[in-house]
Number of protein chains: 2
Amino acid sequence: MSSQLIKEAALKLFAENGYEGTSLAQIGEEIGMKKQSIYSHFTSKDDLFLAVLEDAFVVEQQHKQDYLKQHLDEPLHDFLIKTLYRYIERFQDDNRLKFWLRVSFFPPAHLYEEVMNYLYRYIDQVDSLYLKRFQRAIELNEIKKIEADTANMAFSALIDSICVELVYGGTERSEKKLQAAWQVYWAGISSVS
Amino acid sequence: MSSQLIKEAALKLFAENGYEGTSLAQIGEEIGMKKQSIYSHFTSKDDLFLAVLEDAFVVEQQHKQDYLKQHLDEPLHDFLIKTLYRYIERFQDDNRLKFWLRVSFFPPAHLYEEVMNYLYRYIDQVDSLYLKRFQRAIELNEIKKIEADTANMAFSALIDSICVELVYGGTERSEKKLQAAWQVYWAGISSVS
DNA sequence: CAATAGCTGACGAACGGTCGTCAGGAGGGA
DNA sequence: TCCCTCCTGACGACCGTTCGTCAGCTATTG
């Protein structure tokens, strides 16, 4: 199905050049198709963008859910650090994550509400899933003397910082920074301060 | 001088809508001027953008340097947390920071090298200044059992995460997250783990 | 089986609009 | 007087979008 091809090309170009920086002609060229033909599959550029966004959201959400269910029973330390490294791995060859970061940072102005609607749903879901894991960690004495909510938000801040580094730093810089930040973070939530 | 007016309007609009999302007509309208008149002051859109970028870089660099020299002798704890809160304050009513964040995350593709050139110079400078402060902190026993480099990179990750939250979260969410991340960070670098 | 009718995806041409760009002129201060 | 600033008018290029068309497939029909 060529709707799928179009969406994949659009995903890649939107991720690299943003909404305004990507023309339908470029998307068509990417898959050997004239821009007019895109209108056989989508009613407008916005329609295409929102379809890509919807897809990215659904896949990302499902992906996260599956991943969490699969690794939730590992020791907290292993679980968290594995989560962080996954971001670095995925960013390299997965346009979905790149797209997701770009549009949630700087969405096209006239689609701000739609984008933020997806984004907040995603954040809320992820936050609550991780929070449960932190609460269990406290019950199991994996970490001490810290609010689950605090550990959770600080971890989410850690993820944010990796994303930043991925967007403008290289991979090796991201890894170095990740190691440093992780060392401090883990010391912080497992200390008895 | 109206070159200055143009640059200020451009700074604001580039910060809010990005390079591709900002037209010269909009910039002109912002200061009651036709887009054609902008060409009396700048040879092209790129020229204007690079001028704004240069300004933002110089001012930001100077600003940071002054700030550091002024507060470098405070206790590490106060110095660091004050630095973090400054980001939140400045983001609200200083377009320069907003502009700086946006273009370093997602620069216009054809000006990638120029932007990154400034960015890396800025990062290197800031990194080395903070590193010195951390080294002194270790000598003064303000923090213990941790490499200055590690504490420095983790702190820089903390700043990154604040920037992320500022870009797409609200101010109150940024502050909550900052408090959590800071609590864990400070526990981490001052623990004896 | 073959003939026919309808549907679909892709494309050339062209629309109105906006972009960045440039030449040329009006106005005013030194 | 001569610059400098700002304006106007016009330009080609490209944007997203629409229209009409045409080839190829599918299904129906006799």
# chains A, B, ... in the order shown; residues from 1 in each chain; ligands from 1

$ closest_atom_pairs --of "chain A" --to "chain D" --cutoff "10 Å" --atoms "only C-alpha atoms (C1' of nucleotides)" --output "JSON lines"
{"residue": "A:Ser23", "atom": "CA", "partner": "D:DC15", "partner_atom": "C1'", "distance": 7.8}
{"residue": "A:Leu24", "atom": "CA", "partner": "D:DG16", "partner_atom": "C1'", "distance": 8.2}
{"residue": "A:Ala25", "atom": "CA", "partner": "D:DC15", "partner_atom": "C1'", "distance": 9.6}
{"residue": "A:Lys35", "atom": "CA", "partner": "D:DG16", "partner_atom": "C1'", "distance": 9.6}
{"residue": "A:Gln36", "atom": "CA", "partner": "D:DT17", "partner_atom": "C1'", "distance": 8.5}
{"residue": "A:Tyr39", "atom": "CA", "partner": "D:DT17", "partner_atom": "C1'", "distance": 8.9}
{"residue": "A:Thr43", "atom": "CA", "partner": "D:DT17", "partner_atom": "C1'", "distance": 9.6}
{"residue": "A:Ser44", "atom": "CA", "partner": "D:DG16", "partner_atom": "C1'", "distance": 8.0}
{"residue": "A:Lys45", "atom": "CA", "partner": "D:DG16", "partner_atom": "C1'", "distance": 7.6}

$ interface_residues --of "chain C" --to "chain B" --cutoff "12 Å" --atoms "only C-alpha atoms (C1' of nucleotides)" --output "PyMOL selection string"
chain C and resi 18-23

$ select_by_dssp --residues "region 28-174 of chain B" --states "helix (DSSP H, G or I)" --output "number ranges by chain"
B: 28-30, 35-38, 45-71, 76-93, 95-105, 109-139, 148-168, 171-174

$ atom_distance --atom1 "CA of Gln61 (chain A)" --atom2 "CA of Ser104 (chain A)"
14.5 Å

$ residues_around --residues "Phe14 (chain A)" --least-positions-apart "5" --cutoff "7 Å" --atoms "only C-alpha atoms (C1' of nucleotides)" --output "number ranges by chain"
A: 19, 22, 99

$ residues_around --residues "Lys176 (chain A)" --least-positions-apart "4" --cutoff "10 Å" --atoms "only C-alpha atoms (C1' of nucleotides)" --output "list of chain:residue names"
A:Thr171, A:Glu172, A:Ala180, A:Ala181, A:Trp182, B:Thr150, B:Met153, B:Ala154

$ write_last_selection --atoms "N, CA and C atoms" --output "JSON list (two decimals), in the first residue's frame"
[["chain", "number", "residue", "atom", "x", "y", "z"],
["A", 171, "THR", "N", 26.39, 10.52, 19.37],
["A", 171, "THR", "CA", 26.06, 9.36, 20.18],
["A", 171, "THR", "C", 27.07, 9.16, 21.31],
["A", 172, "GLU", "N", 28.34, 9.35, 20.98],
["A", 172, "GLU", "CA", 29.36, 9.07, 22.00],
["A", 172, "GLU", "C", 29.27, 10.08, 23.15],
["A", 180, "ALA", "N", 27.57, 9.60, 33.35],
["A", 180, "ALA", "CA", 27.77, 10.52, 34.48],
["A", 180, "ALA", "C", 26.45, 10.80, 35.19],
["A", 181, "ALA", "N", 25.43, 11.12, 34.41],
["A", 181, "ALA", "CA", 24.14, 11.47, 35.01],
["A", 181, "ALA", "C", 23.55, 10.28, 35.76],
["A", 182, "TRP", "N", 23.72, 9.11, 35.16],
["A", 182, "TRP", "CA", 23.18, 7.91, 35.79],
["A", 182, "TRP", "C", 23.88, 7.63, 37.12],
["B", 150, "THR", "N", 32.49, 14.02, 36.35],
["B", 150, "THR", "CA", 31.19, 13.36, 36.45],
["B", 150, "THR", "C", 30.13, 14.30, 37.00],
["B", 153, "MET", "N", 29.25, 16.89, 34.24],
["B", 153, "MET", "CA", 28.40, 16.40, 33.15],
["B", 153, "MET", "C", 26.99, 16.11, 33.63],
["B", 154, "ALA", "N", 26.88, 15.59, 34.84],
["B", 154, "ALA", "CA", 25.55, 15.31, 35.38],
["B", 154, "ALA", "C", 24.79, 16.61, 35.60]]

$ interface_residues --of "chain A" --to "chain B" --cutoff "9 Å" --atoms "only C-alpha atoms" --output "ChimeraX atom specification"
/A:16-21,102,104-106,108-109,116,146,149-165,167-168,176-193

$ atom_distance --atom1 "CA of Asp93 (chain B)" --atom2 "CA of Lys12 (chain B)"
10.6 Å

$ atom_distance --atom1 "CA of Gln125 (chain B)" --atom2 "CA of Ala137 (chain B)"
18.8 Å

$ decode --residues "chain D" --atoms "N, CA and C atoms (P, O5', C5', C4', C3', O3' and C1' of nucleotides)" --output "short mmCIF file (atom, residue, chain, number, x, y, z; two decimals), in the first residue's frame"
data_model
loop_
_atom_site.label_atom_id
_atom_site.label_comp_id
_atom_site.auth_asym_id
_atom_site.auth_seq_id
_atom_site.Cartn_x
_atom_site.Cartn_y
_atom_site.Cartn_z
P DT D 1 21.77 68.94 -6.72
"O5'" DT D 1 22.95 69.66 -5.86
"C5'" DT D 1 24.31 69.61 -6.30
"C4'" DT D 1 25.14 68.97 -5.21
"C3'" DT D 1 24.99 67.44 -5.13
"O3'" DT D 1 26.08 66.85 -5.81
"C1'" DT D 1 24.77 68.45 -2.96
P DC D 2 26.05 65.33 -6.23
"O5'" DC D 2 26.18 64.53 -4.86
"C5'" DC D 2 27.33 64.66 -4.04
"C4'" DC D 2 27.12 63.90 -2.75
"C3'" DC D 2 26.80 62.41 -2.95
"O3'" DC D 2 27.47 61.66 -1.94
"C1'" DC D 2 25.11 63.40 -1.67
P DC D 3 28.21 60.29 -2.41
"O5'" DC D 3 27.90 59.31 -1.21
"C5'" DC D 3 26.54 58.96 -1.00
"C4'" DC D 3 26.19 59.08 0.47
"C3'" DC D 3 25.58 57.82 1.01
"O3'" DC D 3 25.98 57.61 2.34
"C1'" DC D 3 24.01 59.63 1.10
P DC D 4 26.25 56.04 2.77
"O5'" DC D 4 24.97 55.66 3.64
"C5'" DC D 4 24.63 56.45 4.75
"C4'" DC D 4 23.13 56.50 4.95
"C3'" DC D 4 22.45 55.12 4.98
"O3'" DC D 4 22.02 54.87 6.31
"C1'" DC D 4 21.18 56.77 3.78
P DT D 5 21.37 53.44 6.66
"O5'" DT D 5 19.80 53.73 6.61
"C5'" DT D 5 19.26 54.82 7.33
"C4'" DT D 5 17.81 55.04 6.94
"C3'" DT D 5 16.96 53.75 6.96
"O3'" DT D 5 15.85 53.96 7.81
"C1'" DT D 5 16.65 54.94 4.93
P DC D 6 14.94 52.68 8.26
"O5'" DC D 6 13.76 52.69 7.18
"C5'" DC D 6 12.89 53.81 7.10
"C4'" DC D 6 12.16 53.81 5.78
"C3'" DC D 6 11.38 52.52 5.48
"O3'" DC D 6 9.99 52.74 5.70
"C1'" DC D 6 12.46 53.44 3.54
P DC D 7 8.91 51.56 5.41
"O5'" DC D 7 8.46 51.84 3.91
"C5'" DC D 7 7.85 53.09 3.59
"C4'" DC D 7 7.78 53.25 2.10
"C3'" DC D 7 7.00 52.14 1.39
"O3'" DC D 7 5.68 52.60 1.10
"C1'" DC D 7 9.04 52.70 0.23
P DT D 8 4.59 51.59 0.54
"O5'" DT D 8 4.87 51.53 -1.02
"C5'" DT D 8 4.90 52.72 -1.79
"C4'" DT D 8 5.26 52.40 -3.23
"C3'" DT D 8 4.42 51.29 -3.86
"O3'" DT D 8 3.79 51.79 -5.03
"C1'" DT D 8 6.75 50.89 -4.19
P DG D 9 2.65 50.92 -5.73
"O5'" DG D 9 3.49 50.09 -6.82
"C5'" DG D 9 4.41 50.79 -7.65
"C4'" DG D 9 5.10 49.79 -8.56
"C3'" DG D 9 4.22 48.63 -9.03
"O3'" DG D 9 4.43 48.43 -10.43
"C1'" DG D 9 6.16 47.78 -7.97
P DA D 10 3.58 47.34 -11.25
"O5'" DA D 10 4.69 46.21 -11.47
"C5'" DA D 10 6.00 46.61 -11.91
"C4'" DA D 10 6.92 45.43 -11.82
"C3'" DA D 10 6.32 44.10 -12.31
"O3'" DA D 10 7.09 43.60 -13.39
"C1'" DA D 10 7.45 43.83 -10.23
P DC D 11 6.66 42.34 -14.21
"O5'" DC D 11 7.65 41.21 -13.69
"C5'" DC D 11 9.06 41.46 -13.73
"C4'" DC D 11 9.76 40.38 -12.96
"C3'" DC D 11 9.16 38.99 -13.17
"O3'" DC D 11 9.77 38.38 -14.29
"C1'" DC D 11 9.74 39.42 -10.86
P DG D 12 9.27 36.94 -14.79
"O5'" DG D 12 10.04 35.97 -13.81
"C5'" DG D 12 11.47 35.93 -13.78
"C4'" DG D 12 11.90 34.94 -12.73
"C3'" DG D 12 11.46 33.50 -12.99
"O3'" DG D 12 12.49 32.62 -12.56
"C1'" DG D 12 10.49 34.24 -10.97
P DA D 13 12.30 31.03 -12.73
"O5'" DA D 13 11.97 30.56 -11.23
"C5'" DA D 13 12.86 30.93 -10.18
"C4'" DA D 13 12.35 30.36 -8.88
"C3'" DA D 13 11.82 28.93 -8.98
"O3'" DA D 13 12.38 28.15 -7.94
"C1'" DA D 13 10.17 30.35 -8.02
P DC D 14 12.22 26.57 -7.95
"O5'" DC D 14 11.12 26.32 -6.83
"C5'" DC D 14 11.31 26.85 -5.53
"C4'" DC D 14 9.98 26.95 -4.83
"C3'" DC D 14 9.20 25.63 -4.80
"O3'" DC D 14 9.11 25.18 -3.46
"C1'" DC D 14 7.80 27.51 -5.24
P DC D 15 8.55 23.75 -3.09
"O5'" DC D 15 7.21 24.07 -2.28
"C5'" DC D 15 7.24 25.01 -1.21
"C4'" DC D 15 5.84 25.53 -0.94
"C3'" DC D 15 4.76 24.46 -0.98
"O3'" DC D 15 4.66 23.84 0.28
"C1'" DC D 15 4.05 26.47 -2.09
P DG D 16 4.04 22.42 0.40
"O5'" DG D 16 2.48 22.71 0.31
"C5'" DG D 16 1.87 23.53 1.30
"C4'" DG D 16 0.42 23.80 0.91
"C3'" DG D 16 -0.46 22.56 0.82
"O3'" DG D 16 -1.74 22.85 1.34
"C1'" DG D 16 -0.44 23.66 -1.28
P DT D 17 -2.88 21.70 1.38
"O5'" DT D 17 -3.65 21.90 0.01
"C5'" DT D 17 -4.19 23.18 -0.30
"C4'" DT D 17 -4.78 23.17 -1.70
"C3'" DT D 17 -5.67 21.96 -2.04
"O3'" DT D 17 -7.02 22.40 -2.10
"C1'" DT D 17 -4.27 22.60 -3.86
P DT D 18 -8.18 21.31 -2.39
"O5'" DT D 18 -8.39 21.46 -3.95
"C5'" DT D 18 -8.68 22.73 -4.50
"C4'" DT D 18 -8.84 22.62 -6.01
"C3'" DT D 18 -9.75 21.48 -6.48
"O3'" DT D 18 -10.72 22.00 -7.37
"C1'" DT D 18 -7.69 21.43 -7.64
P DC D 19 -11.97 21.07 -7.83
"O5'" DC D 19 -11.63 20.84 -9.38
"C5'" DC D 19 -11.18 21.94 -10.16
"C4'" DC D 19 -10.69 21.43 -11.51
"C3'" DC D 19 -11.50 20.25 -12.06
"O3'" DC D 19 -11.99 20.56 -13.35
"C1'" DC D 19 -9.16 19.78 -12.12
P DG D 20 -13.08 19.59 -14.04
"O5'" DG D 20 -12.24 18.90 -15.21
"C5'" DG D 20 -11.30 19.68 -15.96
"C4'" DG D 20 -10.41 18.74 -16.76
"C3'" DG D 20 -11.13 17.56 -17.39
"O3'" DG D 20 -10.64 17.36 -18.71
"C1'" DG D 20 -9.40 16.77 -15.97
P DT D 21 -11.16 16.12 -19.63
"O5'" DT D 21 -9.95 15.09 -19.56
"C5'" DT D 21 -8.61 15.57 -19.71
"C4'" DT D 21 -7.64 14.41 -19.55
"C3'" DT D 21 -8.11 13.09 -20.16
"O3'" DT D 21 -7.06 12.52 -20.92
"C1'" DT D 21 -7.44 12.76 -17.94
P DC D 22 -7.34 11.46 -22.11
"O5'" DC D 22 -5.99 10.60 -22.12
"C5'" DC D 22 -4.99 10.82 -21.11
"C4'" DC D 22 -4.66 9.54 -20.37
"C3'" DC D 22 -5.26 8.27 -20.98
"O3'" DC D 22 -4.27 7.26 -21.02
"C1'" DC D 22 -5.74 8.35 -18.70
P DA D 23 -4.32 6.03 -22.05
"O5'" DA D 23 -3.58 4.85 -21.29
"C5'" DA D 23 -2.37 5.12 -20.58
"C4'" DA D 23 -2.28 4.24 -19.35
"C3'" DA D 23 -2.56 2.76 -19.60
"O3'" DA D 23 -1.61 1.97 -18.92
"C1'" DA D 23 -4.03 3.60 -17.92
P DG D 24 -1.50 0.40 -19.20
"O5'" DG D 24 -2.16 -0.23 -17.89
"C5'" DG D 24 -1.62 0.09 -16.61
"C4'" DG D 24 -2.55 -0.45 -15.54
"C3'" DG D 24 -2.97 -1.91 -15.75
"O3'" DG D 24 -2.89 -2.60 -14.51
"C1'" DG D 24 -4.87 -0.54 -15.47
P DC D 25 -2.77 -4.23 -14.50
"O5'" DC D 25 -3.92 -4.61 -13.47
"C5'" DC D 25 -3.96 -3.96 -12.20
"C4'" DC D 25 -5.40 -3.85 -11.71
"C3'" DC D 25 -6.16 -5.16 -11.68
"O3'" DC D 25 -6.40 -5.54 -10.32
"C1'" DC D 25 -7.49 -3.36 -12.55
P DT D 26 -7.04 -7.01 -9.98
"O5'" DT D 26 -8.60 -6.68 -9.86
"C5'" DT D 26 -9.03 -5.53 -9.14
"C4'" DT D 26 -10.55 -5.47 -9.15
"C3'" DT D 26 -11.24 -6.84 -9.13
"O3'" DT D 26 -12.26 -6.84 -8.15
"C1'" DT D 26 -12.01 -5.56 -11.00
P DA D 27 -13.05 -8.18 -7.79
"O5'" DA D 27 -14.49 -7.83 -8.41
"C5'" DA D 27 -14.95 -6.48 -8.33
"C4'" DA D 27 -16.22 -6.34 -9.15
"C3'" DA D 27 -17.08 -7.60 -9.19
"O3'" DA D 27 -18.44 -7.25 -9.01
"C1'" DA D 27 -16.53 -6.95 -11.40
P DT D 28 -19.57 -8.39 -8.86
"O5'" DT D 28 -20.49 -7.99 -10.09
"C5'" DT D 28 -20.64 -6.61 -10.43
"C4'" DT D 28 -21.16 -6.49 -11.85
"C3'" DT D 28 -22.25 -7.51 -12.20
"O3'" DT D 28 -23.38 -6.82 -12.74
"C1'" DT D 28 -20.58 -7.51 -13.86
P DT D 29 -24.77 -7.60 -12.86
"O5'" DT D 29 -24.89 -7.86 -14.41
"C5'" DT D 29 -24.69 -6.79 -15.34
"C4'" DT D 29 -24.37 -7.36 -16.71
"C3'" DT D 29 -25.29 -8.52 -17.13
"O3'" DT D 29 -26.21 -8.05 -18.12
"C1'" DT D 29 -23.00 -8.91 -17.71
P DG D 30 -27.38 -9.09 -18.54
"O5'" DG D 30 -26.87 -9.67 -19.92
"C5'" DG D 30 -26.47 -8.77 -20.96
"C4'" DG D 30 -25.73 -9.55 -22.04
"C3'" DG D 30 -26.53 -10.74 -22.62
"O3'" DG D 30 -26.39 -10.77 -24.03
"C1'" DG D 30 -24.44 -11.49 -21.79
#
